[in-house]
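Structure data (mmCIF, C-alpha atoms) from protein-v7.cif:
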```cif
data_model
#
loop_
_atom_site.label_atom_id
_atom_site.label_comp_id
_atom_site.auth_asym_id
_atom_site.auth_seq_id
_atom_site.Cartn_x
_atom_site.Cartn_y
_atom_site.Cartn_z
CA MET Z 1 10.15 7.03 -30.00
CA SER Z 2 8.31 10.16 -28.89
CA MET Z 3 7.89 8.37 -25.56
CA LEU Z 4 11.66 8.18 -25.19
CA LEU Z 5 12.13 11.79 -26.22
CA THR Z 6 9.64 12.98 -23.61
CA LEU Z 7 11.45 10.89 -21.01
CA LEU Z 8 14.78 12.43 -21.99
CA ARG Z 9 13.26 15.91 -21.81
CA ARG Z 10 11.79 15.21 -18.40
CA GLU Z 11 15.00 13.71 -17.03
CA THR Z 12 17.06 16.62 -18.27
CA ALA Z 13 14.62 19.10 -16.74
CA LEU Z 14 14.60 17.22 -13.42
CA ALA Z 15 18.39 16.91 -13.35
CA TRP Z 16 18.65 20.61 -14.11
CA GLY Z 17 16.45 21.26 -11.10
CA ARG Z 18 18.29 18.96 -8.70
CA GLY Z 19 21.73 20.48 -8.95
CA GLY Z 20 22.56 20.60 -12.62
CA GLY Z 21 22.60 23.56 -14.85
CA PRO Z 22 25.18 26.17 -15.71
CA LEU Z 23 24.80 28.31 -12.61
CA VAL Z 24 25.45 25.46 -10.22
CA ALA Z 25 28.35 24.20 -12.32
CA VAL Z 26 29.98 27.60 -12.50
CA GLY Z 27 29.29 28.24 -8.83
CA PHE Z 28 30.84 24.94 -7.84
CA TYR Z 29 33.92 25.55 -9.93
CA ALA Z 30 34.25 29.09 -8.68
CA GLY Z 31 34.16 27.68 -5.16
CA VAL Z 32 36.82 25.06 -5.83
CA ALA Z 33 38.98 27.50 -7.78
CA THR Z 34 38.83 29.95 -4.87
CA LEU Z 35 39.41 27.39 -2.14
CA LEU Z 36 42.42 25.73 -3.71
CA PRO Z 37 44.77 28.74 -3.70
CA LEU Z 38 43.72 29.44 -0.13
CA ALA Z 39 44.55 25.90 0.94
CA ILE Z 40 47.65 25.25 -1.13
CA GLY Z 41 49.22 28.66 -1.25
CA PRO Z 42 49.14 31.20 -4.01
CA GLU Z 43 52.45 30.45 -5.84
CA PRO Z 44 51.45 30.51 -9.52
CA ALA Z 45 53.85 27.74 -10.52
CA ARG Z 46 52.40 25.28 -8.03
CA LEU Z 47 48.80 26.18 -8.87
CA ALA Z 48 49.40 25.93 -12.61
CA ALA Z 49 50.81 22.44 -12.15
CA ILE Z 50 47.76 21.15 -10.32
CA ALA Z 51 45.14 23.16 -12.23
CA PRO Z 52 44.03 20.52 -14.76
CA GLY Z 53 43.93 17.82 -12.09
CA ALA Z 54 41.98 20.05 -9.74
CA ALA Z 55 39.38 20.79 -12.39
CA TRP Z 56 39.13 17.08 -13.01
CA VAL Z 57 38.58 16.13 -9.37
CA ALA Z 58 36.03 18.90 -8.99
CA LEU Z 59 34.13 17.41 -11.92
CA ALA Z 60 34.01 14.00 -10.23
CA LEU Z 61 32.78 15.53 -6.97
CA ALA Z 62 30.20 17.75 -8.63
CA THR Z 63 28.76 14.74 -10.45
CA LEU Z 64 28.60 12.88 -7.16
CA LEU Z 65 26.56 15.68 -5.59
CA SER Z 66 23.76 15.39 -8.12
CA LEU Z 67 23.79 11.60 -8.32
CA GLU Z 68 22.02 11.00 -5.06
CA ARG Z 69 18.71 12.10 -6.49
CA LEU Z 70 19.02 10.33 -9.83
CA PHE Z 71 16.82 7.40 -8.80
CA GLU Z 72 16.01 8.22 -5.17
CA ARG Z 73 13.20 10.72 -5.84
CA ASP Z 74 11.55 8.54 -8.45
CA PHE Z 75 11.81 5.63 -6.05
CA GLU Z 76 10.22 7.54 -3.19
CA ASP Z 77 7.35 9.14 -5.08
CA GLY Z 78 6.39 6.05 -7.07
CA ALA Z 79 7.54 7.33 -10.45
CA LEU Z 80 9.95 4.42 -10.77
CA ASP Z 81 7.02 1.97 -10.51
CA LEU Z 82 5.27 3.73 -13.34
CA LEU Z 83 8.41 3.96 -15.44
CA LEU Z 84 8.64 0.20 -15.08
CA LEU Z 85 5.04 -0.40 -16.24
CA SER Z 86 5.85 0.33 -19.83
CA PRO Z 87 6.71 -1.55 -22.98
CA GLN Z 88 10.07 0.22 -22.89
CA PRO Z 89 12.73 -1.92 -21.23
CA LEU Z 90 13.95 -0.54 -17.90
CA GLU Z 91 17.52 -0.65 -19.24
CA LEU Z 92 16.62 1.93 -21.86
CA THR Z 93 14.88 4.06 -19.24
CA CYS Z 94 18.02 3.98 -17.07
CA PHE Z 95 20.14 4.85 -20.09
CA LEU Z 96 18.01 7.90 -20.80
CA LYS Z 97 18.02 8.96 -17.16
CA CYS Z 98 21.82 9.00 -17.23
CA VAL Z 99 21.94 10.83 -20.55
CA GLY Z 100 19.59 13.44 -19.10
CA GLN Z 101 21.78 13.71 -16.03
CA TRP Z 102 24.83 14.18 -18.23
CA LEU Z 103 23.18 16.81 -20.43
CA ALA Z 104 22.07 18.84 -17.43
CA THR Z 105 25.10 18.38 -15.18
CA GLY Z 106 28.05 16.92 -17.07
CA ALA Z 107 27.87 19.17 -20.11
CA PRO Z 108 27.71 22.50 -18.21
CA LEU Z 109 30.48 21.27 -15.92
CA ALA Z 110 32.59 20.34 -18.95
CA LEU Z 111 32.16 23.90 -20.22
CA ALA Z 112 33.17 25.29 -16.85
CA ALA Z 113 36.18 22.99 -16.42
CA PRO Z 114 38.61 24.72 -18.79
CA VAL Z 115 37.60 28.12 -17.44
CA ALA Z 116 38.38 27.04 -13.89
CA ALA Z 117 41.65 25.38 -14.90
CA ILE Z 118 42.82 28.45 -16.78
CA GLY Z 119 41.77 30.62 -13.87
CA LEU Z 120 44.12 28.56 -11.72
CA GLY Z 121 46.92 29.15 -14.19
CA ALA Z 122 46.78 26.27 -16.67
CA ARG Z 123 48.05 27.13 -20.14
CA LEU Z 124 45.49 28.24 -22.67
CA GLU Z 125 46.27 25.53 -25.22
CA LEU Z 126 45.19 22.92 -22.66
CA ALA Z 127 41.59 24.19 -22.75
CA PRO Z 128 40.24 22.08 -25.65
CA LEU Z 129 41.67 18.89 -24.19
CA ILE Z 130 40.33 19.69 -20.72
CA PHE Z 131 36.93 20.27 -22.26
CA ALA Z 132 37.04 17.02 -24.26
CA CYS Z 133 38.24 15.00 -21.25
CA ALA Z 134 35.59 16.54 -19.01
CA LEU Z 135 32.88 15.76 -21.55
CA LEU Z 136 33.92 12.11 -21.88
CA GLY Z 137 34.74 11.79 -18.21
CA GLY Z 138 31.37 13.28 -17.27
CA LEU Z 139 29.68 10.60 -19.36
CA ALA Z 140 31.62 7.90 -17.53
CA PHE Z 141 30.87 9.51 -14.15
CA SER Z 142 27.13 9.69 -14.91
CA PHE Z 143 26.80 6.09 -15.99
CA VAL Z 144 29.08 4.58 -13.36
CA GLY Z 145 27.54 6.87 -10.76
CA GLY Z 146 24.07 5.76 -11.82
CA ILE Z 147 24.97 2.20 -10.81
CA GLY Z 148 25.92 3.40 -7.35
CA ALA Z 149 22.78 5.52 -7.08
CA ALA Z 150 20.59 2.57 -8.07
CA LEU Z 151 22.38 0.18 -5.71
CA SER Z 152 21.91 2.48 -2.73
CA LEU Z 153 18.16 2.91 -3.34
CA GLY Z 154 16.16 2.64 -0.17
CA ALA Z 155 19.20 2.84 2.08
CA ARG Z 156 19.35 5.47 4.77
CA ARG Z 157 22.06 8.02 4.01
CA GLY Z 158 21.92 6.77 0.43
CA GLY Z 159 24.08 9.66 -0.76
CA LEU Z 160 26.95 8.59 1.41
CA LEU Z 161 26.59 4.98 0.32
CA THR Z 162 26.55 6.09 -3.31
CA ALA Z 163 29.83 7.93 -2.78
CA VAL Z 164 31.45 4.92 -1.15
CA ILE Z 165 30.34 2.63 -3.98
CA VAL Z 166 31.14 5.01 -6.77
CA LEU Z 167 34.38 6.75 -5.82
CA PRO Z 168 36.58 3.67 -6.40
CA LEU Z 169 34.96 3.30 -9.82
CA PHE Z 170 35.83 6.92 -10.58
CA VAL Z 171 39.54 6.11 -10.17
CA PRO Z 172 40.24 4.81 -13.70
CA PRO Z 173 38.73 7.77 -15.58
CA VAL Z 174 40.45 10.19 -13.22
CA ILE Z 175 43.78 8.46 -13.88
CA PHE Z 176 43.30 8.25 -17.64
CA GLY Z 177 42.05 11.80 -18.03
CA GLY Z 178 44.59 13.26 -15.63
CA GLY Z 179 47.34 11.30 -17.38
CA ALA Z 180 46.31 12.58 -20.80
CA LEU Z 181 46.28 16.17 -19.55
CA ASP Z 182 49.67 15.80 -17.84
CA ALA Z 183 51.21 14.23 -20.93
CA PHE Z 184 49.81 16.94 -23.17
CA ALA Z 185 51.08 19.67 -20.87
CA GLY Z 186 54.51 18.03 -20.86
CA GLY Z 187 54.61 17.68 -24.64
CA LEU Z 188 54.41 13.87 -24.47
CA PRO Z 189 52.08 11.58 -26.45
CA TRP Z 190 48.69 11.95 -24.78
CA THR Z 191 46.33 10.04 -27.05
CA SER Z 192 46.58 6.72 -25.22
CA GLY Z 193 45.24 8.19 -21.97
CA PHE Z 194 42.46 9.90 -23.87
CA ALA Z 195 41.61 6.71 -25.76
CA LEU Z 196 41.49 4.72 -22.52
CA LEU Z 197 39.17 7.35 -21.04
CA GLY Z 198 36.95 6.98 -24.09
CA ALA Z 199 36.99 3.21 -23.76
CA TYR Z 200 36.04 3.43 -20.09
CA ALA Z 201 33.19 5.82 -20.92
CA ALA Z 202 31.99 3.53 -23.72
CA GLY Z 203 32.08 0.54 -21.39
CA ALA Z 204 30.16 2.42 -18.72
CA VAL Z 205 27.51 3.55 -21.22
CA ALA Z 206 27.14 0.04 -22.63
CA LEU Z 207 27.05 -1.95 -19.38
CA GLY Z 208 25.84 0.58 -16.78
CA PRO Z 209 22.14 0.51 -17.76
CA PHE Z 210 21.95 -3.27 -17.23
CA ALA Z 211 23.39 -2.95 -13.73
CA MET Z 212 21.13 0.00 -12.92
CA ALA Z 213 18.00 -1.78 -14.14
CA GLY Z 214 18.86 -4.85 -12.10
CA ALA Z 215 19.46 -2.76 -8.99
CA CYS Z 216 16.19 -0.84 -9.47
CA ARG Z 217 14.15 -4.04 -9.87
CA ASN Z 218 15.76 -5.40 -6.76
CA ALA Z 219 15.04 -2.25 -4.75
CA LEU Z 220 11.38 -2.27 -5.76
CA SER Z 221 10.59 -5.89 -5.02
CA MET G 1 -5.71 -6.62 -24.38
CA ILE G 2 -5.91 -8.38 -21.02
CA SER G 3 -9.12 -10.44 -20.93
CA ALA G 4 -8.81 -12.02 -17.51
CA LEU G 5 -6.80 -11.88 -14.33
CA ALA G 6 -6.19 -15.08 -12.38
CA ILE G 7 -4.41 -15.07 -9.05
CA LYS G 8 -3.81 -18.61 -7.82
CA ASP G 9 -2.88 -19.53 -4.29
CA SER G 10 -0.62 -16.50 -3.91
CA ALA G 11 1.51 -15.75 -0.87
CA ILE G 12 3.66 -12.73 -0.08
CA ARG G 13 6.24 -12.39 2.63
CA ARG G 14 7.54 -8.92 3.50
CA GLY G 15 10.45 -8.39 5.83
CA GLY G 16 10.26 -11.96 7.10
CA ARG G 17 6.56 -11.70 7.95
CA LEU G 18 3.96 -13.67 6.02
CA LEU G 19 1.36 -11.13 4.87
CA PHE G 20 -1.02 -13.66 3.37
CA SER G 21 -1.06 -17.02 1.69
CA GLY G 22 -3.53 -19.07 -0.33
CA VAL G 23 -5.18 -16.00 -1.85
CA SER G 24 -6.92 -16.66 -5.16
CA LEU G 25 -9.01 -14.53 -7.45
CA ALA G 26 -10.49 -14.95 -10.91
CA LEU G 27 -11.50 -11.76 -12.65
CA GLU G 28 -13.05 -11.61 -16.12
CA ALA G 29 -13.35 -8.74 -18.56
CA GLY G 30 -16.06 -6.38 -17.36
CA GLN G 31 -15.67 -7.29 -13.69
CA ALA G 32 -14.35 -5.33 -10.76
CA CYS G 33 -13.08 -6.68 -7.47
CA ALA G 34 -12.91 -4.82 -4.17
CA LEU G 35 -9.90 -5.90 -2.19
CA THR G 36 -10.47 -5.35 1.51
CA GLY G 37 -8.67 -6.08 4.72
CA PRO G 38 -7.23 -4.24 7.73
CA ASN G 39 -4.16 -2.00 7.50
CA GLY G 40 -1.05 -4.01 6.86
CA SER G 41 -2.87 -7.05 5.55
CA GLY G 42 -1.09 -6.85 2.19
CA LYS G 43 -3.58 -5.12 -0.12
CA THR G 44 -0.98 -2.82 -1.63
CA SER G 45 1.54 -5.65 -1.87
CA LEU G 46 -0.96 -7.79 -3.78
CA LEU G 47 -1.65 -4.95 -6.22
CA ARG G 48 2.08 -4.44 -6.69
CA ALA G 49 2.56 -8.16 -7.20
CA VAL G 50 -0.03 -8.11 -9.99
CA ALA G 51 1.90 -5.22 -11.51
CA GLY G 52 5.08 -7.28 -11.25
CA LEU G 53 6.74 -4.88 -8.81
CA VAL G 54 6.75 -7.33 -5.90
CA ARG G 55 7.74 -10.98 -6.18
CA LEU G 56 5.24 -13.57 -5.03
CA ASP G 57 6.50 -16.04 -2.45
CA GLY G 58 4.09 -18.66 -3.69
CA GLY G 59 1.36 -19.16 -6.25
CA GLU G 60 1.07 -17.46 -9.60
CA ILE G 61 -0.61 -14.66 -11.48
CA GLY G 62 -1.96 -15.12 -14.99
CA PHE G 63 -3.35 -12.60 -17.46
CA GLY G 64 -5.74 -14.80 -19.43
CA GLY G 65 -3.09 -16.45 -21.54
CA MET G 66 -1.24 -13.22 -22.26
CA GLU G 67 2.46 -13.20 -21.51
CA ALA G 68 3.00 -11.47 -18.18
CA GLU G 69 5.71 -9.16 -19.47
CA VAL G 70 3.52 -7.92 -22.31
CA ALA G 71 0.48 -7.59 -20.06
CA ARG G 72 2.44 -5.52 -17.56
CA GLY G 73 4.19 -3.53 -20.24
CA ASP G 74 1.13 -1.83 -21.63
CA GLY G 75 -1.93 -3.63 -20.34
CA LEU G 76 -2.36 -2.24 -16.85
CA HIS G 77 -2.43 1.00 -14.89
CA LEU G 78 -1.43 1.32 -11.25
CA VAL G 79 -2.74 4.32 -9.30
CA GLY G 80 -1.85 4.52 -5.65
CA HIS G 81 -0.58 6.84 -2.94
CA ALA G 82 2.84 7.09 -4.52
CA ASP G 83 1.54 8.77 -7.65
CA GLY G 84 4.88 9.54 -9.28
CA LEU G 85 4.01 13.23 -9.65
CA LYS G 86 6.90 15.60 -9.07
CA SER G 87 5.82 18.36 -6.71
CA GLY G 88 8.06 20.98 -8.30
CA ARG G 89 6.73 20.61 -11.84
CA THR G 90 3.49 21.96 -13.20
CA ALA G 91 0.42 19.78 -13.50
CA ARG G 92 0.53 20.31 -17.26
CA GLU G 93 4.10 19.01 -17.55
CA GLU G 94 3.38 15.99 -15.39
CA LEU G 95 0.14 15.17 -17.18
CA ALA G 96 1.78 15.47 -20.59
CA PHE G 97 4.71 13.30 -19.58
CA TRP G 98 2.77 10.48 -17.96
CA VAL G 99 0.13 10.35 -20.66
CA SER G 100 2.81 10.17 -23.31
CA TRP G 101 4.79 7.60 -21.31
CA CYS G 102 1.69 5.41 -21.06
CA GLY G 103 1.12 5.63 -24.80
CA GLY G 104 -1.49 8.40 -24.97
CA THR G 105 -1.47 11.50 -27.16
CA PRO G 106 -1.59 15.23 -26.36
CA ALA G 107 -5.21 15.25 -27.55
CA SER G 108 -6.17 12.40 -25.23
CA ALA G 109 -4.41 14.19 -22.36
CA GLN G 110 -6.47 17.29 -23.08
CA ASP G 111 -9.71 15.25 -23.17
CA ALA G 112 -8.85 13.60 -19.86
CA ALA G 113 -8.01 16.96 -18.29
CA GLU G 114 -11.39 18.28 -19.38
CA ALA G 115 -13.26 15.21 -18.17
CA LEU G 116 -11.63 15.49 -14.74
CA GLU G 117 -11.96 19.31 -14.64
CA LEU G 118 -8.22 19.75 -14.37
CA VAL G 119 -7.92 22.45 -17.01
CA PRO G 120 -7.88 25.44 -14.60
CA LEU G 121 -5.24 23.66 -12.47
CA LEU G 122 -2.81 22.79 -15.22
CA ASP G 123 -0.52 25.77 -14.74
CA LEU G 124 -0.12 25.19 -11.00
CA GLU G 125 2.82 23.34 -9.54
CA VAL G 126 1.80 19.89 -8.35
CA ARG G 127 2.67 20.89 -4.76
CA ARG G 128 -0.12 23.51 -4.85
CA LEU G 129 -2.79 20.90 -5.58
CA SER G 130 -4.97 19.45 -2.85
CA ALA G 131 -4.88 15.71 -2.23
CA GLY G 132 -8.07 15.21 -4.22
CA GLN G 133 -6.91 17.36 -7.13
CA ARG G 134 -3.63 15.52 -7.16
CA ARG G 135 -5.41 12.18 -7.27
CA ARG G 136 -7.51 13.38 -10.19
CA LEU G 137 -4.32 14.38 -11.98
CA ALA G 138 -2.91 10.89 -11.40
CA MET G 139 -6.18 9.38 -12.63
CA ALA G 140 -6.07 11.35 -15.84
CA ARG G 141 -3.75 8.79 -17.35
CA LEU G 142 -6.37 6.07 -16.78
CA LEU G 143 -8.58 7.92 -19.24
CA ALA G 144 -5.93 9.32 -21.58
CA ALA G 145 -4.08 6.06 -22.21
CA PRO G 146 -6.59 3.20 -22.32
CA ARG G 147 -5.31 0.02 -20.69
CA ALA G 148 -7.51 -2.90 -19.77
CA LEU G 149 -6.61 -3.61 -16.16
CA TRP G 150 -6.81 -0.87 -13.54
CA LEU G 151 -5.05 -1.53 -10.25
CA LEU G 152 -6.28 1.12 -7.83
CA ASP G 153 -5.04 1.60 -4.30
CA GLU G 154 -7.75 3.33 -2.26
CA PRO G 155 -8.85 5.28 -5.31
CA LEU G 156 -11.66 7.16 -3.62
CA SER G 157 -10.12 8.10 -0.29
CA PRO G 158 -8.93 11.64 -1.13
CA LEU G 159 -11.95 12.44 -3.31
CA ASP G 160 -15.02 14.37 -2.18
CA ALA G 161 -18.56 13.02 -2.54
CA ARG G 162 -19.11 14.50 -5.98
CA TRP G 163 -15.86 13.14 -7.38
CA ARG G 164 -16.47 9.72 -5.86
CA GLU G 165 -19.70 9.69 -7.82
CA VAL G 166 -17.99 10.82 -11.03
CA PHE G 167 -15.17 8.35 -10.66
CA GLY G 168 -17.69 5.58 -9.97
CA GLY G 169 -19.25 6.43 -13.32
CA LEU G 170 -15.85 6.32 -15.04
CA MET G 171 -15.16 2.91 -13.51
CA ARG G 172 -18.53 1.58 -14.67
CA ARG G 173 -17.81 2.85 -18.17
CA HIS G 174 -14.42 1.14 -18.12
CA LEU G 175 -16.06 -2.15 -17.15
CA ASP G 176 -18.70 -1.74 -19.88
CA GLN G 177 -15.87 -1.42 -22.38
CA GLY G 178 -14.47 -4.77 -21.27
CA GLY G 179 -11.99 -3.49 -18.71
CA LEU G 180 -11.03 -5.06 -15.40
CA ILE G 181 -10.59 -3.32 -12.05
CA LEU G 182 -8.87 -4.55 -8.92
CA ALA G 183 -9.16 -1.93 -6.21
CA ALA G 184 -7.95 -1.95 -2.63
CA VAL G 185 -10.64 -0.15 -0.64
CA HIS G 186 -11.92 0.47 2.86
CA ASP G 187 -15.33 1.79 1.80
CA PRO G 188 -17.44 -0.02 -0.79
CA LEU G 189 -17.11 1.13 -4.38
CA PRO G 190 -20.19 2.72 -5.98
CA LEU G 191 -20.62 -0.18 -8.38
CA PRO G 192 -21.23 -3.92 -8.19
CA THR G 193 -18.01 -5.77 -7.44
CA LEU G 194 -16.63 -9.13 -6.48
CA SER G 195 -14.88 -9.03 -3.17
CA LEU G 196 -11.70 -10.46 -1.80
CA GLU G 197 -10.84 -10.05 1.84
CA LEU G 198 -7.34 -10.40 3.20
CA ALA G 199 -7.16 -11.44 6.83
CA ALA G 200 -4.99 -9.58 9.31
#
```
Give the structure from this file in C-alpha cells form.
Amino acid sequence: MSMLLTLLRRETALAWGRGGGPLVAVGFYAGVATLLPLAIGPEPARLAAIAPGAAWVALALATLLSLERLFERDFEDGALDLLLLSPQPLELTCFLKCVGQWLATGAPLALAAPVAAIGLGARLELAPLIFACALLGGLAFSFVGGIGAALSLGARRGGLLTAVIVLPLFVPPVIFGGGALDAFAGGLPWTSGFALLGAYAAGAVALGPFAMAGACRNALS
Amino acid sequence: MISALAIKDSAIRRGGRLLFSGVSLALEAGQACALTGPNGSGKTSLLRAVAGLVRLDGGEIGFGGMEAEVARGDGLHLVGHADGLKSGRTAREELAFWVSWCGGTPASAQDAAEALELVPLLDLEVRRLSAGQRRRLAMARLLAAPRALWLLDEPLSPLDARWREVFGGLMRRHLDQGGLILAAVHDPLPLPTLSLELAA
C-alpha cells in the first residue's frame, strides 16, 4: 500500500514538473482567453455564448500538451522497466500514473476553467457546473489520453501521434460536457449530458489502464 | 526466493535479425555468471529476456520451479544503463522512491546510502551526479531491497578502481547469502564466475 502511495506521490510530482501545476494551467487559460477575443471579435454577446465551450476545448488541449511525457520519459530512461519488475500489476501502475497526471494537471485546470469562462463573459451561475464538468472531463481526458500516450511509445514525433490517436476519443466527453453546459445556460434539463460525461469518465478509468498496460508491454518487448 | 536460473536453448530476434540462438545456462544459488560477447551480440537483450521485458523467440527460462511471474515480480533486480533515475529530482527522492517501490524501507535505504557513501550526495539533483555516482545510486536498491537474482548490465564500467573493488565485495557477499548474479561484462568481474559467451 505504501508502495502505491509513493508511486502516486512521485507521479504527481513528475506531472507537476512536466507541464502541470496551477501556474501552467492559469497561464494556458489566460492565453486562450486573451487569444479568443482577438480572433473572434470582442462583441460580448458572441464571446459569452462560446465561453463555456472555449474553456472546455482549452481543457482538452492543455491535457494533450502534458500527455506526451506521461510514459515517454519513463520509457526512455528505463523507469518503465523497473516499474514492471514489481509485484504490483502494471495495470495498477498505469492507473496511478493517470491519477497523478490528473491531480497535477486536470485538477488545477478544472479550477482555472470557470475563471476563464467567466472572464470571457459566461454567467456566474455556470461556474459550479463548468468546474464539475472540467473535473470529470479531465479525468476522462487523462485516462483516454494515457492510452494514446502508451500506444505511441517509441514512435518518433510521439506527441503528434498521441494527438491523432486521442483527439477522436476526446469527442464524446467534449460533446457531453458542452451539451450539459449549453442546456444549463439555456434553462433546459442538463443532467443527462452530465451523467453521460460521468459514464464516459468511469468507463475510461475502468478500461484505460488495461489498454495502457498492454501497450506498454508491447513497446518494451 | 529464486534458487536457480535455467536458460534453455534460447533465441532472440531483434528487428528481423537473429541475435543468438541455442544459448543455455544453468545458474545455482551462490553462483555468478559473466555474460560476454562483442557489442550488439545480445547481452542486454538476454538480461531483459530473463527479466521478462523481451520475448524469447525460442527456448525457455526457468526460475528453479518458481512461477516466472512471481520470480520477476519481486525476485530479481535489473541494473543497467537506463537506470530509471529522473535527472530533475534529487538523489534522495529517487533513492526513497525506488527502494520503497522494490519493497525496502526508509531505514534500509539509509543503510544502503551509507554503505555506498551516497549520504553527502543525497541533496543533489541526479543530473549533477557523475556517471559513477549515478550508478552507485542505482545500485543502492540492490542492497536496500534484497532480491535473490541480480541482473547487471556492465555494472563496473562507470566505477573507479576503488568502487569496483567495493562492489566486487558486495557481489561476493550476495553470493554467500545464496544470491545469483548474471552480469553482462567486458572486463572480468573481481570474483569467481561461470562464463557464457555470445558470438557476434
Let me know the residues the PyMOL selection byres ((chain Z and resi 65-78) around 8) catches in the file above, as JSON, numbers by chain.
-> {"Z": [15, 18, 19, 20, 61, 62, 63, 64, 79, 80, 81, 82, 97, 101, 105, 142, 145, 146, 149, 150, 153, 154, 158, 159, 162, 220], "G": [82, 83, 84, 85, 86]}
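Atom pair CA of Gly80 in chain G / CA of Leu161 in chain Z: separated by 29.1 Å.
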Distance query range 171-173 of chain Z at most 7 Å, only C-alpha atoms, self and fewer than 4 positions along chain excluded, as a VMD selection string | chain Z and resid 137 167 177 197 200
For range 202-211 of chain Z, please output as a PyMOL selection string all residues within 7 Å (counting all atoms listed in the file; exclusion window: fewer than 4 positions along the same chain).
-> chain Z and resi 91+94-95+140+143-144+147+198+215
Which residues of chain G are close to chain Z, meaning at most 12 Å apart when you count all atoms listed in the file, and how do they look as a PyMOL selection string?
-> chain G and resi 12-15+45-57+68-90+93-106+138+141+145+147+151
Give as a ChimeraX atom specification the residues that the PyMOL selection byres ((chain Z and resi 48) around 12) matches when applied to the coordinates above.
-> /Z:33,36-37,40-47,49-55,116-124,126,182,185
Expand the PyMOL selection byres ((chain G and resi 8) around 12) into the individual residues it matches in the shown file, reporting them as a ChimeraX atom specification.
-> /G:5-7,9-11,21-27,46,50,56-63
One-decimal distance in Å that lies between CA of Ala163 in chain Z and CA of Leu59 in chain Z =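 Separating CA of Leu59 in chain Z from CA of Ala163 in chain Z is a distance of 13.9 Å.
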Could you give me the centre and size, in Å to one decimal, of an axis-aligned box around all listed atoms of range 48-52 of chain G with 8 Å added on every side, as AutoDock Vina command-line options?
```
--center_x 2.5 --center_y -6.3 --center_z -9.1 --size_x 21.1 --size_y 19.7 --size_z 20.8
```
Residue with smallest distance to Ala140 in chain G - pool G:Asp176, G:Glu67, G:Asp111, G:Glu28, counting all atoms listed in the file = G:Asp111
When you draw a straight line from CA of Leu122 in chain G to CA of His174 in chain G, how long is it in Å?
->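 Spanning CA of Leu122 in chain G to CA of His174 in chain G is a straight-line distance of 24.7 Å.
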From the structure block, carefully write range 129-140 of chain Z out with N, CA and C atoms; format it as a PDB file, in the first residue's frame.
```pdb
ATOM      1  N   LEU Z 129     -20.988  24.336 -12.448  1.00  0.00           N
ATOM      2  CA  LEU Z 129     -21.142  23.249 -13.418  1.00  0.00           C
ATOM      3  C   LEU Z 129     -19.902  23.148 -14.316  1.00  0.00           C
ATOM      4  N   ILE Z 130     -19.353  24.304 -14.692  1.00  0.00           N
ATOM      5  CA  ILE Z 130     -18.126  24.257 -15.502  1.00  0.00           C
ATOM      6  C   ILE Z 130     -17.022  23.541 -14.732  1.00  0.00           C
ATOM      7  N   PHE Z 131     -16.924  23.875 -13.444  1.00  0.00           N
ATOM      8  CA  PHE Z 131     -15.899  23.238 -12.618  1.00  0.00           C
ATOM      9  C   PHE Z 131     -16.119  21.727 -12.548  1.00  0.00           C
ATOM     10  N   ALA Z 132     -17.375  21.322 -12.291  1.00  0.00           N
ATOM     11  CA  ALA Z 132     -17.671  19.886 -12.154  1.00  0.00           C
ATOM     12  C   ALA Z 132     -17.412  19.161 -13.476  1.00  0.00           C
ATOM     13  N   CYS Z 133     -17.846  19.761 -14.582  1.00  0.00           N
ATOM     14  CA  CYS Z 133     -17.614  19.141 -15.895  1.00  0.00           C
ATOM     15  C   CYS Z 133     -16.121  19.029 -16.180  1.00  0.00           C
ATOM     16  N   ALA Z 134     -15.380  20.090 -15.852  1.00  0.00           N
ATOM     17  CA  ALA Z 134     -13.942  20.086 -16.139  1.00  0.00           C
ATOM     18  C   ALA Z 134     -13.239  19.021 -15.299  1.00  0.00           C
ATOM     19  N   LEU Z 135     -13.702  18.852 -14.066  1.00  0.00           N
ATOM     20  CA  LEU Z 135     -13.089  17.856 -13.186  1.00  0.00           C
ATOM     21  C   LEU Z 135     -13.311  16.441 -13.745  1.00  0.00           C
ATOM     22  N   LEU Z 136     -14.567  16.157 -14.103  1.00  0.00           N
ATOM     23  CA  LEU Z 136     -14.893  14.838 -14.657  1.00  0.00           C
ATOM     24  C   LEU Z 136     -14.259  14.654 -16.030  1.00  0.00           C
ATOM     25  N   GLY Z 137     -14.378  15.713 -16.839  1.00  0.00           N
ATOM     26  CA  GLY Z 137     -13.824  15.643 -18.186  1.00  0.00           C
ATOM     27  C   GLY Z 137     -12.318  15.439 -18.139  1.00  0.00           C
ATOM     28  N   GLY Z 138     -11.655  16.138 -17.198  1.00  0.00           N
ATOM     29  CA  GLY Z 138     -10.208  15.996 -17.068  1.00  0.00           C
ATOM     30  C   GLY Z 138      -9.821  14.563 -16.754  1.00  0.00           C
ATOM     31  N   LEU Z 139     -10.637  13.916 -15.931  1.00  0.00           N
ATOM     32  CA  LEU Z 139     -10.384  12.509 -15.588  1.00  0.00           C
ATOM     33  C   LEU Z 139     -10.473  11.648 -16.854  1.00  0.00           C
ATOM     34  N   ALA Z 140     -11.523  11.894 -17.646  1.00  0.00           N
ATOM     35  CA  ALA Z 140     -11.675  11.135 -18.887  1.00  0.00           C
ATOM     36  C   ALA Z 140     -10.510  11.430 -19.826  1.00  0.00           C
TER      37      ALA Z 140
END
```
